[in-house]
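Data from data-v2.csv: CSV, C-alpha atoms
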```csv
chain,number,residue,atom,x,y,z
A,1,MET,CA,-65.8,-5.2,-20.1
A,2,SER,CA,-63.4,-4.8,-17.2
A,3,VAL,CA,-63.7,-6.9,-14.0
A,4,ARG,CA,-62.9,-5.3,-10.7
A,5,GLY,CA,-63.2,-6.7,-7.2
A,6,ALA,CA,-61.7,-7.5,-3.8
A,7,LEU,CA,-59.2,-10.3,-3.3
A,8,SER,CA,-61.0,-11.2,-0.1
A,9,THR,CA,-63.9,-12.5,-2.3
A,10,MET,CA,-62.0,-13.6,-5.4
A,11,PRO,CA,-58.4,-14.5,-4.7
A,12,ALA,CA,-55.7,-13.7,-7.3
A,13,GLU,CA,-55.3,-17.3,-8.5
A,14,ASP,CA,-59.0,-17.4,-9.3
A,15,VAL,CA,-58.7,-14.1,-11.1
A,16,LEU,CA,-55.8,-15.4,-13.2
A,17,GLU,CA,-57.5,-18.7,-13.9
A,18,TRP,CA,-60.6,-16.8,-15.1
A,19,VAL,CA,-58.4,-14.7,-17.4
A,20,GLY,CA,-56.6,-17.8,-18.7
A,21,ARG,CA,-59.7,-19.9,-19.4
A,22,ARG,CA,-61.1,-17.1,-21.5
A,23,LYS,CA,-57.8,-16.4,-23.2
A,24,LEU,CA,-58.2,-12.7,-22.6
A,25,SER,CA,-55.7,-10.0,-23.5
A,26,GLY,CA,-55.0,-7.0,-21.4
A,27,PRO,CA,-53.5,-5.8,-18.1
A,28,VAL,CA,-54.4,-7.4,-14.8
A,29,THR,CA,-53.6,-5.2,-11.9
A,30,PHE,CA,-53.4,-6.1,-8.2
A,31,GLU,CA,-53.1,-3.5,-5.4
A,32,ARG,CA,-52.6,-3.9,-1.7
A,33,ARG,CA,-51.4,-1.3,0.9
A,34,GLY,CA,-49.9,0.9,-1.7
A,35,THR,CA,-48.1,-1.9,-3.6
A,36,VAL,CA,-49.3,-2.2,-7.2
A,37,ARG,CA,-48.4,-5.2,-9.3
A,38,SER,CA,-49.5,-5.6,-12.9
A,39,LEU,CA,-49.4,-8.4,-15.4
A,40,VAL,CA,-49.8,-8.0,-19.1
A,41,VAL,CA,-51.7,-11.0,-20.7
A,42,GLU,CA,-52.0,-11.9,-24.4
A,43,ASP,CA,-54.4,-14.7,-25.3
A,44,GLY,CA,-54.2,-16.2,-21.8
A,45,THR,CA,-50.3,-16.1,-21.7
A,46,ILE,CA,-48.5,-13.7,-19.4
A,47,VAL,CA,-45.9,-11.7,-21.3
A,48,TRP,CA,-44.9,-8.9,-18.9
A,49,ALA,CA,-44.9,-8.0,-15.2
A,50,SER,CA,-44.4,-4.6,-13.6
A,51,SER,CA,-44.5,-3.1,-10.1
A,52,ASN,CA,-44.5,0.3,-8.5
A,53,ARG,CA,-41.7,-0.8,-6.2
A,54,ARG,CA,-38.4,0.7,-7.2
A,55,ASP,CA,-36.4,-2.4,-6.4
A,56,GLU,CA,-38.6,-4.5,-8.7
A,57,GLN,CA,-38.2,-2.3,-11.8
A,58,LEU,CA,-36.3,-3.7,-14.7
A,59,GLY,CA,-33.6,-1.2,-14.7
A,60,VAL,CA,-32.9,-1.5,-11.0
A,61,ILE,CA,-32.7,-5.2,-11.3
A,62,MET,CA,-30.3,-5.0,-14.2
A,63,VAL,CA,-28.0,-2.6,-12.3
A,64,SER,CA,-28.2,-4.4,-9.0
A,65,SER,CA,-27.4,-7.7,-10.7
A,66,GLY,CA,-24.3,-6.3,-12.3
A,67,LEU,CA,-25.7,-6.8,-15.8
A,68,VAL,CA,-25.8,-3.1,-16.7
A,69,ALA,CA,-23.8,-0.1,-15.3
A,70,ASP,CA,-25.5,2.8,-13.7
A,71,ARG,CA,-24.5,5.2,-16.4
A,72,ALA,CA,-25.5,2.9,-19.2
A,73,LEU,CA,-28.9,2.5,-17.7
A,74,ALA,CA,-29.3,6.3,-17.4
A,75,ASP,CA,-28.3,6.7,-21.1
A,76,SER,CA,-30.8,3.9,-22.0
A,77,LEU,CA,-33.6,5.6,-20.0
A,78,GLU,CA,-32.9,8.9,-21.9
A,79,THR,CA,-33.1,7.0,-25.2
A,80,ARG,CA,-36.4,5.5,-24.1
A,81,ALA,CA,-37.8,8.9,-23.2
A,82,GLU,CA,-36.6,10.3,-26.6
A,83,THR,CA,-37.8,7.5,-28.8
A,84,GLY,CA,-40.6,5.7,-27.0
A,85,VAL,CA,-38.8,2.4,-27.5
A,86,PRO,CA,-39.3,0.2,-24.4
A,87,LEU,CA,-36.3,0.0,-22.0
A,88,GLY,CA,-35.7,-3.7,-22.6
A,89,LYS,CA,-35.5,-3.3,-26.3
A,90,VAL,CA,-33.2,-0.3,-25.9
A,91,LEU,CA,-30.8,-2.4,-23.7
A,92,VAL,CA,-30.8,-5.2,-26.3
A,93,MET,CA,-30.3,-2.9,-29.2
A,94,ALA,CA,-27.4,-1.2,-27.4
A,95,GLY,CA,-25.7,-4.6,-26.8
A,96,LEU,CA,-25.9,-4.1,-23.1
A,97,ILE,CA,-27.7,-7.4,-22.5
A,98,THR,CA,-28.7,-10.4,-24.7
A,99,GLU,CA,-32.3,-11.0,-25.6
A,100,HIS,CA,-32.0,-14.4,-23.9
A,101,ASP,CA,-30.9,-12.9,-20.6
A,102,LEU,CA,-33.5,-10.3,-20.8
A,103,ILE,CA,-36.3,-12.8,-21.3
A,104,ASP,CA,-35.0,-14.9,-18.3
A,105,ILE,CA,-35.3,-11.8,-16.1
A,106,LEU,CA,-38.7,-11.0,-17.4
A,107,ALA,CA,-39.9,-14.6,-16.8
A,108,THR,CA,-38.5,-14.3,-13.3
A,109,LYS,CA,-40.5,-11.1,-12.7
A,110,ILE,CA,-43.6,-12.8,-13.9
A,111,ARG,CA,-43.2,-15.8,-11.7
A,112,GLU,CA,-42.4,-13.7,-8.7
A,113,THR,CA,-45.3,-11.4,-9.3
A,114,VAL,CA,-47.8,-14.2,-9.6
A,115,THR,CA,-46.4,-16.0,-6.5
A,116,ASP,CA,-46.7,-12.8,-4.4
A,117,VAL,CA,-50.2,-11.7,-5.4
A,118,CYS,CA,-51.5,-15.3,-4.8
A,119,THR,CA,-50.5,-14.9,-1.2
A,120,TRP,CA,-52.5,-11.7,-0.7
A,121,SER,CA,-55.7,-12.2,1.3
A,122,GLU,CA,-56.7,-8.5,1.0
A,123,GLY,CA,-56.5,-5.8,-1.7
A,124,THR,CA,-58.1,-5.3,-5.0
A,125,PHE,CA,-57.8,-6.5,-8.6
A,126,ASP,CA,-58.7,-5.0,-11.9
A,127,ALA,CA,-58.7,-6.9,-15.2
A,128,VAL,CA,-59.2,-4.8,-18.3
A,129,PRO,CA,-59.5,-6.8,-21.6
A,130,LYS,CA,-58.1,-4.8,-24.5
A,131,THR,CA,-57.8,-5.4,-28.2
A,132,GLN,CA,-54.7,-3.2,-28.6
A,133,MET,CA,-52.0,-4.1,-26.2
A,134,PRO,CA,-49.4,-1.7,-24.7
A,135,ALA,CA,-46.0,-1.9,-26.3
A,136,THR,CA,-43.7,-3.8,-24.0
A,137,GLY,CA,-40.8,-4.5,-26.3
A,138,VAL,CA,-39.1,-7.9,-25.7
A,139,ASN,CA,-41.6,-10.3,-24.0
A,140,ALA,CA,-41.5,-13.5,-22.1
A,141,GLN,CA,-44.2,-16.0,-22.8
A,142,LEU,CA,-45.4,-17.9,-19.7
A,143,PRO,CA,-48.8,-19.7,-19.7
A,144,ILE,CA,-51.0,-18.6,-16.8
A,145,GLU,CA,-51.6,-22.2,-15.6
A,146,ILE,CA,-47.8,-22.8,-15.2
A,147,CYS,CA,-47.4,-19.6,-13.2
A,148,ILE,CA,-50.3,-20.6,-11.0
A,149,THR,CA,-48.9,-24.1,-10.4
A,150,VAL,CA,-45.6,-22.6,-9.4
A,151,ALA,CA,-47.3,-20.1,-7.1
A,152,ARG,CA,-49.4,-22.8,-5.4
A,153,ARG,CA,-46.3,-24.9,-4.7
A,154,ARG,CA,-44.6,-21.9,-3.2
A,155,MET,CA,-47.5,-20.3,-1.3
A,156,PRO,CA,-47.3,-22.2,2.0
A,157,ARG,CA,-43.6,-21.5,2.4
A,158,MET,CA,-44.0,-17.9,1.2
A,159,ARG,CA,-46.5,-17.2,4.0
A,160,GLU,CA,-44.0,-18.7,6.5
A,161,ILE,CA,-41.2,-16.6,5.0
A,162,MET,CA,-43.1,-13.3,5.3
A,163,HIS,CA,-44.1,-14.2,8.9
A,164,VAL,CA,-40.4,-14.5,9.7
A,165,LEU,CA,-39.2,-11.4,7.7
A,166,GLY,CA,-42.2,-9.2,8.2
A,167,ALA,CA,-41.8,-7.0,5.1
A,168,ASP,CA,-39.9,-6.6,1.9
A,169,ASP,CA,-37.9,-3.7,3.2
A,170,VAL,CA,-36.7,-5.4,6.3
A,171,LEU,CA,-33.1,-4.9,7.4
A,172,PHE,CA,-30.9,-7.4,9.3
A,173,TYR,CA,-28.1,-7.6,11.9
A,174,ALA,CA,-25.3,-10.1,11.7
A,175,PRO,CA,-24.8,-11.4,15.3
A,176,PRO,CA,-21.2,-11.2,16.7
A,177,ALA,CA,-18.9,-14.1,16.2
A,178,ILE,CA,-21.2,-15.7,13.6
A,179,THR,CA,-19.4,-17.6,10.9
A,180,PRO,CA,-20.8,-16.6,7.4
A,181,PRO,CA,-22.2,-19.4,5.3
A,182,ALA,CA,-19.6,-21.0,3.1
A,183,ALA,CA,-20.0,-20.5,-0.6
A,184,GLY,CA,-21.1,-23.7,-2.3
A,185,SER,CA,-20.5,-24.5,-6.0
A,186,ASP,CA,-23.8,-26.5,-6.2
A,187,GLU,CA,-26.0,-23.8,-4.7
A,188,VAL,CA,-28.8,-22.5,-6.8
A,189,ILE,CA,-28.3,-19.1,-5.2
A,190,ASP,CA,-25.2,-17.7,-3.5
A,191,LEU,CA,-25.9,-18.0,0.2
A,192,ALA,CA,-22.6,-16.4,1.2
A,193,ARG,CA,-23.3,-13.3,-0.9
A,194,ILE,CA,-26.8,-13.1,0.4
A,195,TRP,CA,-25.5,-13.1,4.0
A,196,ALA,CA,-22.8,-10.6,3.2
A,197,LEU,CA,-25.4,-8.2,1.7
A,198,ALA,CA,-27.7,-8.6,4.6
A,199,ALA,CA,-24.9,-8.0,7.1
A,200,ASP,CA,-24.1,-4.9,5.1
A,201,ARG,CA,-27.6,-3.5,5.9
A,202,ARG,CA,-29.2,-4.1,2.6
A,203,SER,CA,-32.9,-4.7,2.6
A,204,ALA,CA,-34.5,-8.0,1.6
A,205,SER,CA,-35.9,-6.4,-1.5
A,206,ASP,CA,-32.6,-4.9,-2.5
A,207,ILE,CA,-30.9,-8.2,-2.1
A,208,ALA,CA,-33.5,-9.9,-4.3
A,209,ALA,CA,-32.8,-7.3,-6.9
A,210,ALA,CA,-29.1,-8.2,-6.8
A,211,PHE,CA,-30.1,-11.8,-7.7
A,212,ALA,CA,-32.0,-10.9,-10.9
A,213,GLY,CA,-35.2,-10.4,-9.0
A,214,GLU,CA,-35.4,-14.0,-7.6
A,215,ARG,CA,-37.6,-12.8,-4.7
A,216,TYR,CA,-38.8,-16.2,-3.5
A,217,ALA,CA,-35.4,-17.9,-3.4
A,218,THR,CA,-33.7,-14.9,-1.9
A,219,PHE,CA,-36.4,-14.4,0.8
A,220,ASP,CA,-36.4,-18.1,1.5
A,221,ALA,CA,-32.6,-18.1,2.1
A,222,LEU,CA,-32.9,-15.0,4.3
A,223,ALA,CA,-35.7,-16.6,6.3
A,224,HIS,CA,-33.6,-19.7,6.9
A,225,MET,CA,-30.7,-17.6,8.1
A,226,VAL,CA,-33.0,-15.8,10.5
A,227,GLU,CA,-34.5,-19.1,11.7
A,228,SER,CA,-31.0,-20.5,12.2
A,229,GLY,CA,-29.7,-17.4,14.1
A,230,THR,CA,-27.1,-16.4,11.5
A,231,LEU,CA,-29.1,-13.2,10.9
A,232,ILE,CA,-31.3,-11.2,13.1
A,233,VAL,CA,-34.2,-9.1,11.8
A,234,ASP,CA,-33.9,-5.4,12.7
A,235,ARG,CA,-37.2,-4.8,14.4
A,236,ARG,CA,-36.3,-1.2,15.0
A,237,TYR,CA,-36.1,-0.4,11.3
A,238,ARG,CA,-38.1,2.4,10.0
A,239,GLU,CA,-38.4,3.4,6.4
A,240,ARG,CA,-35.4,5.2,5.1
A,241,THR,CA,-35.8,8.9,4.4
A,242,ASN,CA,-32.7,9.5,2.2
A,243,SER,CA,-34.3,10.0,-1.2
A,244,ALA,CA,-32.3,10.0,-4.4
A,245,VAL,CA,-32.7,13.7,-4.7
A,246,GLU,CA,-31.4,14.2,-1.2
A,247,LEU,CA,-28.4,12.0,-1.9
A,248,ALA,CA,-27.7,13.9,-5.1
A,249,ALA,CA,-27.8,17.2,-3.1
A,250,GLY,CA,-25.4,15.7,-0.6
A,251,ALA,CA,-23.1,14.6,-3.4
A,252,ARG,CA,-23.0,18.1,-4.8
A,253,GLY,CA,-22.1,19.4,-1.4
A,254,ARG,CA,-19.2,16.9,-1.1
A,255,LEU,CA,-18.0,18.0,-4.6
A,256,ARG,CA,-18.0,21.6,-3.4
A,257,GLN,CA,-15.8,20.5,-0.5
A,258,GLY,CA,-13.4,18.9,-2.8
A,259,ASP,CA,-14.2,15.3,-2.0
A,260,ARG,CA,-14.7,14.0,-5.5
A,261,ALA,CA,-14.5,10.3,-4.7
A,262,GLY,CA,-17.0,10.6,-1.9
A,263,ALA,CA,-19.3,12.8,-4.1
A,264,LEU,CA,-19.2,10.2,-6.9
A,265,ALA,CA,-20.1,7.4,-4.4
A,266,MET,CA,-23.1,9.3,-3.2
A,267,ALA,CA,-24.1,10.3,-6.7
A,268,THR,CA,-23.9,6.6,-7.8
A,269,GLN,CA,-26.1,5.6,-4.9
A,270,ALA,CA,-28.6,8.3,-5.8
A,271,LEU,CA,-28.6,7.1,-9.5
A,272,HIS,CA,-29.1,3.5,-8.3
A,273,GLN,CA,-32.1,4.6,-6.2
A,274,ASP,CA,-33.8,6.6,-8.9
A,275,PRO,CA,-32.2,6.3,-12.4
A,276,SER,CA,-35.2,8.0,-14.1
A,277,ASN,CA,-34.9,11.3,-12.1
A,278,ALA,CA,-33.5,14.1,-14.4
A,279,GLU,CA,-31.9,16.0,-11.5
A,280,VAL,CA,-30.2,12.9,-10.2
A,281,ARG,CA,-28.8,12.0,-13.7
A,282,LYS,CA,-27.5,15.5,-14.2
A,283,SER,CA,-25.8,15.5,-10.8
A,284,PHE,CA,-24.2,12.1,-11.5
A,285,ALA,CA,-22.9,13.2,-14.9
A,286,SER,CA,-21.3,16.4,-13.6
A,287,ILE,CA,-19.8,14.7,-10.6
A,288,GLU,CA,-18.5,11.8,-12.6
A,289,ARG,CA,-16.8,14.2,-15.0
A,290,ALA,CA,-15.1,15.9,-12.1
A,291,ARG,CA,-13.9,12.7,-10.6
A,292,VAL,CA,-12.7,11.3,-14.0
A,293,ALA,CA,-10.7,14.5,-14.6
A,294,GLU,CA,-9.1,14.1,-11.1
A,295,VAL,CA,-8.3,10.4,-11.7
A,296,ALA,CA,-7.0,11.0,-15.2
A,297,LYS,CA,-4.6,13.7,-14.0
A,298,GLN,CA,-3.3,11.2,-11.4
A,299,LEU,CA,-3.0,8.1,-13.5
A,300,LEU,CA,-2.5,9.3,-17.1
A,301,SER,CA,0.2,11.9,-16.5
A,302,ARG,CA,2.8,9.3,-17.3
A,303,HIS,CA,3.2,6.0,-19.0
A,304,ARG,CA,2.0,3.1,-16.8
A,305,VAL,CA,1.9,-0.6,-17.4
A,306,PRO,CA,-0.5,-2.2,-14.8
A,307,ARG,CA,0.1,-5.7,-13.4
A,308,ARG,CA,-2.3,-7.9,-11.6
A,309,LEU,CA,-1.4,-8.6,-8.0
A,310,ARG,CA,-3.9,-11.4,-7.3
A,311,GLU,CA,-6.2,-13.7,-9.1
A,312,LEU,CA,-9.9,-13.0,-8.7
A,313,GLU,CA,-12.0,-15.9,-7.5
A,314,ALA,CA,-15.8,-15.4,-7.3
A,315,SER,CA,-15.7,-15.2,-3.5
A,316,ALA,CA,-12.9,-12.6,-3.6
A,317,SER,CA,-14.7,-10.4,-6.1
A,318,SER,CA,-17.8,-10.4,-3.9
A,319,GLU,CA,-15.8,-9.6,-0.8
A,320,LEU,CA,-14.0,-6.7,-2.5
A,321,GLY,CA,-17.3,-5.3,-3.9
A,322,LEU,CA,-16.1,-5.5,-7.5
A,323,SER,CA,-18.4,-5.0,-10.3
A,324,THR,CA,-18.6,-7.2,-13.4
A,325,VAL,CA,-16.8,-4.5,-15.4
A,326,GLU,CA,-14.0,-4.3,-12.9
A,327,VAL,CA,-13.5,-8.1,-12.8
A,328,GLU,CA,-13.4,-8.2,-16.6
A,329,LEU,CA,-10.9,-5.4,-16.8
A,330,ALA,CA,-8.7,-6.9,-14.2
A,331,LYS,CA,-8.6,-10.1,-16.2
A,332,ARG,CA,-7.3,-8.2,-19.3
A,333,ILE,CA,-4.2,-7.0,-17.5
A,334,ASP,CA,-1.3,-9.1,-18.7
A,335,GLY,CA,1.7,-6.9,-17.9
A,336,ARG,CA,2.2,-5.8,-21.5
A,337,TRP,CA,-0.7,-3.4,-22.2
A,338,ASP,CA,-0.3,0.1,-20.9
A,339,LEU,CA,-3.1,1.7,-18.9
A,340,LEU,CA,-4.2,4.2,-21.6
A,341,SER,CA,-4.5,1.4,-24.2
A,342,LEU,CA,-6.5,-0.8,-21.7
A,343,VAL,CA,-8.8,2.1,-21.0
A,344,ARG,CA,-9.3,2.9,-24.7
A,345,SER,CA,-9.9,-0.7,-25.7
A,346,ALA,CA,-12.3,-1.5,-22.9
A,347,GLY,CA,-15.8,-2.5,-23.9
A,348,VAL,CA,-17.3,0.3,-21.7
A,349,ARG,CA,-17.0,4.1,-21.7
A,350,GLU,CA,-13.4,5.3,-21.1
A,351,ALA,CA,-14.5,7.2,-18.0
A,352,GLU,CA,-16.0,4.1,-16.5
A,353,ALA,CA,-13.0,2.1,-17.4
A,354,LEU,CA,-10.6,4.6,-15.8
A,355,LEU,CA,-12.6,4.7,-12.6
A,356,ALA,CA,-12.7,0.9,-12.6
A,357,PHE,CA,-8.9,0.7,-12.8
A,358,ALA,CA,-8.6,3.3,-10.0
A,359,HIS,CA,-10.8,1.2,-7.8
A,360,LEU,CA,-8.9,-2.0,-8.6
A,361,ALA,CA,-5.7,-0.3,-7.5
A,362,GLU,CA,-7.4,1.0,-4.3
A,363,VAL,CA,-8.5,-2.5,-3.2
A,364,GLY,CA,-5.1,-4.0,-4.0
A,365,VAL,CA,-6.1,-6.1,-7.0
A,366,VAL,CA,-3.7,-4.4,-9.4
A,367,ASP,CA,-0.5,-2.3,-9.3
A,368,LEU,CA,-0.9,0.5,-11.9
A,369,GLY,CA,2.9,0.9,-12.3
```
Before we go any further, please render this structure as structure tokens.
Amino acid sequence: MSVRGALSTMPAEDVLEWVGRRKLSGPVTFERRGTVRSLVVEDGTIVWASSNRRDEQLGVIMVSSGLVADRALADSLETRAETGVPLGKVLVMAGLITEHDLIDILATKIRETVTDVCTWSEGTFDAVPKTQMPATGVNAQLPIEICITVARRRMPRMREIMHVLGADDVLFYAPPAITPPAAGSDEVIDLARIWALAADRRSASDIAAAFAGERYATFDALAHMVESGTLIVDRRYRERTNSAVELAAGARGRLRQGDRAGALAMATQALHQDPSNAEVRKSFASIERARVAEVAKQLLSRHRVPRRLRELEASASSELGLSTVEVELAKRIDGRWDLLSLVRSAGVREAEALLAFAHLAEVGVVDLG
């Protein structure tokens, strides 16, 4: 028998405690103002969390965190559609992420979901006990009581945070002449990178996705920066209208104009926004092929032996906007391997490797010879 009700009469923590005490199995869904968060419970243990927010979806978190490339995610989504195998399992089977790392991210999603819904004073819940559970692939295993304990500890500060920020999609300004936070080796979360992303007009939710979905820690850091004056909330912000489909259309327009690099940048952004959209994936694939052909003609027309011009510290990589793949490829340059061999021996698609080397040259990390 399903149990439905209003969070104003039965708060989320009470709902979850009730489910935990009875060791029920099934999805528990919470909805408020269009945001839907769901938890899958097995015998009183939470094994999965999902959301209808794009920035909280597993694939987006993987890409934003630099764990999986855009194209690899698109391929994995196609595999999921063709086989019915859950996305997480596809990523593990393809060797794109370890099962341990995947479980860490899933556990984070669960904790963040429970923390958030426990702060809701309005909305609805729906607990539907089931004997046959939906296939979720690789699972985390977090007891409900532990998740509730974490949520209760965080709730007072989380309410303060949301009072400061206002919304998940909030944008920020960096005041003039403000010194960015220094990177600290003992920090749990990279404050310098958070500030840089916020100053680059990334929303709070997008920044959290870039930190493996660590919503509470990221939002807490952003709120502290706003409270200290190192960031200013953009109160004029309105929801963005550039959809992934619109971006893909713009990318195709740039391609027709001959701007292949600009077209690929827009197509990549579109794929990042909505990797499951077939039109977006098709546009990205065709534009990437065009850009790769252009770069290959420029770089592979003669023998080249790249050499590294600078060492890449973590802070430098962040400042230059380098991906994990680009950093790893840069480290492989030793002045002996030629460019074609480096591309062919890379642990990613040759097209992706070639574009990565082109970007490394553009930002002055390597000289391609």
Exercise. For Gly213 in chain A, which residue among A:Glu362, A:Asp104, A:Glu78, A:Glu350 is the nearest when counting only C-alpha atoms?
Worked result: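 Looking only at the distances to Gly213 in chain A, the closest residue turns out to be A:Asp104.
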Which residues of range 190-278 of chain A come within 9 Å of range 147-160 of chain A, and for each one, what is the closest pair of atoms and their distance in Å to one decimal, counting all atoms listed in the file, sorted by chain and residue number, as JSON lines?
```
{"residue": "A:Tyr216", "atom": "CA", "partner": "A:Met158", "partner_atom": "CA", "distance": 7.2}
{"residue": "A:Phe219", "atom": "CA", "partner": "A:Met158", "partner_atom": "CA", "distance": 8.4}
{"residue": "A:Asp220", "atom": "CA", "partner": "A:Met158", "partner_atom": "CA", "distance": 7.6}
{"residue": "A:Ala223", "atom": "CA", "partner": "A:Glu160", "partner_atom": "CA", "distance": 8.6}
```
Go ahead and save the picked residues with C-alpha atoms, as a PDB file, in the frame of the given file.
```pdb
ATOM      1  CA  TYR A 216     -38.800 -16.200  -3.500  1.00  0.00           C
ATOM      2  CA  PHE A 219     -36.400 -14.400   0.800  1.00  0.00           C
ATOM      3  CA  ASP A 220     -36.400 -18.100   1.500  1.00  0.00           C
ATOM      4  CA  ALA A 223     -35.700 -16.600   6.300  1.00  0.00           C
TER       5      ALA A 223
END
```
Env of range 291-303 of chain A: 8 Å cut, atoms = all atoms listed in the file, seq-sep filter 6 positions within chain, self excluded. Answer as a ChimeraX atom specification.
/A:260-261,264,338-340,351,354-355,358
Residues of range 124-180 of chain A within 9 Å of range 188-211 of chain A: nearest atom pair and distance (Å, one decimal) for each, counting all atoms listed in the file, sorted by chain and number, as a tab-separated table?
```
residue	atom	partner	partner_atom	distance
A:Leu165	CA	A:Ala204	CA	8.4
A:Ala167	CA	A:Ala204	CA	8.2
A:Asp168	CA	A:Ser205	CA	5.3
A:Asp169	CA	A:Ser203	CA	5.1
A:Val170	CA	A:Ser203	CA	5.3
A:Leu171	CA	A:Ser203	CA	4.8
A:Phe172	CA	A:Ala198	CA	5.8
A:Tyr173	CA	A:Ala199	CA	5.8
A:Ala174	CA	A:Ala199	CA	5.1
A:Pro175	CA	A:Ala199	CA	8.9
A:Pro180	CA	A:Ala192	CA	6.5
```
Selection to disk with C-alpha atoms, as an mmCIF file, keeping the file's coordinate frame:
```cif
data_model
loop_
_atom_site.group_PDB
_atom_site.id
_atom_site.type_symbol
_atom_site.label_atom_id
_atom_site.label_comp_id
_atom_site.auth_asym_id
_atom_site.auth_seq_id
_atom_site.Cartn_x
_atom_site.Cartn_y
_atom_site.Cartn_z
ATOM 1 C CA LEU A 165 -39.200 -11.400 7.700
ATOM 2 C CA ALA A 167 -41.800 -7.000 5.100
ATOM 3 C CA ASP A 168 -39.900 -6.600 1.900
ATOM 4 C CA ASP A 169 -37.900 -3.700 3.200
ATOM 5 C CA VAL A 170 -36.700 -5.400 6.300
ATOM 6 C CA LEU A 171 -33.100 -4.900 7.400
ATOM 7 C CA PHE A 172 -30.900 -7.400 9.300
ATOM 8 C CA TYR A 173 -28.100 -7.600 11.900
ATOM 9 C CA ALA A 174 -25.300 -10.100 11.700
ATOM 10 C CA PRO A 175 -24.800 -11.400 15.300
ATOM 11 C CA PRO A 180 -20.800 -16.600 7.400
#
```
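Interatomic distance, CA of Glu352 in chain A to CA of Val85 in chain A: 25.4 Å.
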Separating CA of Ala74 in chain A from CA of Ser276 in chain A, to the nearest tenth of an Å, is a gap of 7.0 Å
Original post:
What does the distance between CA of Ala49 in chain A and CA of Ile110 in chain A come to in Å, to one decimal place?
Top reply: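 We find that CA of Ala49 in chain A and CA of Ile110 in chain A lie 5.1 Å from each other.
The residues that lie within 10 Å of the point (-26.3, -0.7, -25.7), counting all atoms listed in the file, are Val68, Ala72, Leu73, Asp75, Ser76, Lys89, Val90, Leu91, Val92, Met93, Ala94, Gly95, Leu96, Ile97 and Val348 of chain A.
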Which neighbours of range 319-330 of chain A fall inside 8 Å, counting all atoms listed in the file, when residues of the same chain fewer than 2 positions from it are skipped, and could you give them as a list in words?
->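 Neighbouring residues, sequence-local ones excluded: Gly66, Leu67, Arg308, Leu312, Ser315, Ala316, Ser317, Arg332, Ile333, Ala346, Val348, Ala353, Ala356, Phe357, Leu360, Val363, Val365 and Val366 of chain A.
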*Restricting the calculation to all atoms listed in the file, which member of A:Val164, A:Ile103, A:Leu231, A:Ala244 is positioned closest to Trp48 in chain A?*
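Closest candidate: A:Ile103.
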Close residues, Thr124 in chain A itself excluded, 7 Å, all atoms listed in the file, min 4 positions apart in chain, as a VMD selection string: chain A and resid 5 to 7 30 to 32
For this session: Fewer than 4 positions away in the same chain doesn't count, so skip those; otherwise give me all residues within 8 Å of Gly335 in chain A, counting only C-alpha atoms, as a ChimeraX atom specification.
Result: /A:305-308
Residues within 9 Å of (-49.5, -6.7, -18.2), counting all atoms listed in the file, listed as JSON, numbers by chain:
{"A": [25, 26, 27, 28, 29, 38, 39, 40, 41, 42, 46, 47, 48, 49, 50, 133, 134, 136]}
In terms of only C-alpha atoms, the residue from A:Val114, A:Lys130, A:Ile105, A:Ser121 at minimal distance from Arg33 in chain A is A:Ser121
Generate the missing atoms of range 246-255 of chain A up to N, CA and C atoms and report them as a tab-separated table (two decimals), keeping the file's coordinate frame.
```
chain	number	residue	atom	x	y	z
A	246	GLU	N	-32.18	13.81	-2.32
A	246	GLU	CA	-31.40	14.20	-1.20
A	246	GLU	C	-29.96	13.76	-1.25
A	247	LEU	N	-29.79	12.51	-1.71
A	247	LEU	CA	-28.40	12.00	-1.90
A	247	LEU	C	-27.67	12.77	-2.93
A	248	ALA	N	-28.35	13.11	-4.02
A	248	ALA	CA	-27.70	13.90	-5.10
A	248	ALA	C	-27.27	15.26	-4.54
A	249	ALA	N	-28.13	15.86	-3.72
A	249	ALA	CA	-27.80	17.20	-3.10
A	249	ALA	C	-26.57	17.02	-2.22
A	250	GLY	N	-26.55	15.95	-1.43
A	250	GLY	CA	-25.40	15.70	-0.60
A	250	GLY	C	-24.13	15.47	-1.38
A	251	ALA	N	-24.27	14.80	-2.51
A	251	ALA	CA	-23.10	14.60	-3.40
A	251	ALA	C	-22.56	15.86	-3.93
A	252	ARG	N	-23.45	16.76	-4.31
A	252	ARG	CA	-23.00	18.10	-4.80
A	252	ARG	C	-22.28	18.85	-3.71
A	253	GLY	N	-22.76	18.69	-2.47
A	253	GLY	CA	-22.10	19.40	-1.40
A	253	GLY	C	-20.69	18.82	-1.15
A	254	ARG	N	-20.53	17.51	-1.25
A	254	ARG	CA	-19.20	16.90	-1.10
A	254	ARG	C	-18.27	17.40	-2.24
A	255	LEU	N	-18.84	17.53	-3.43
A	255	LEU	CA	-18.00	18.00	-4.60
A	255	LEU	C	-17.53	19.41	-4.30
```
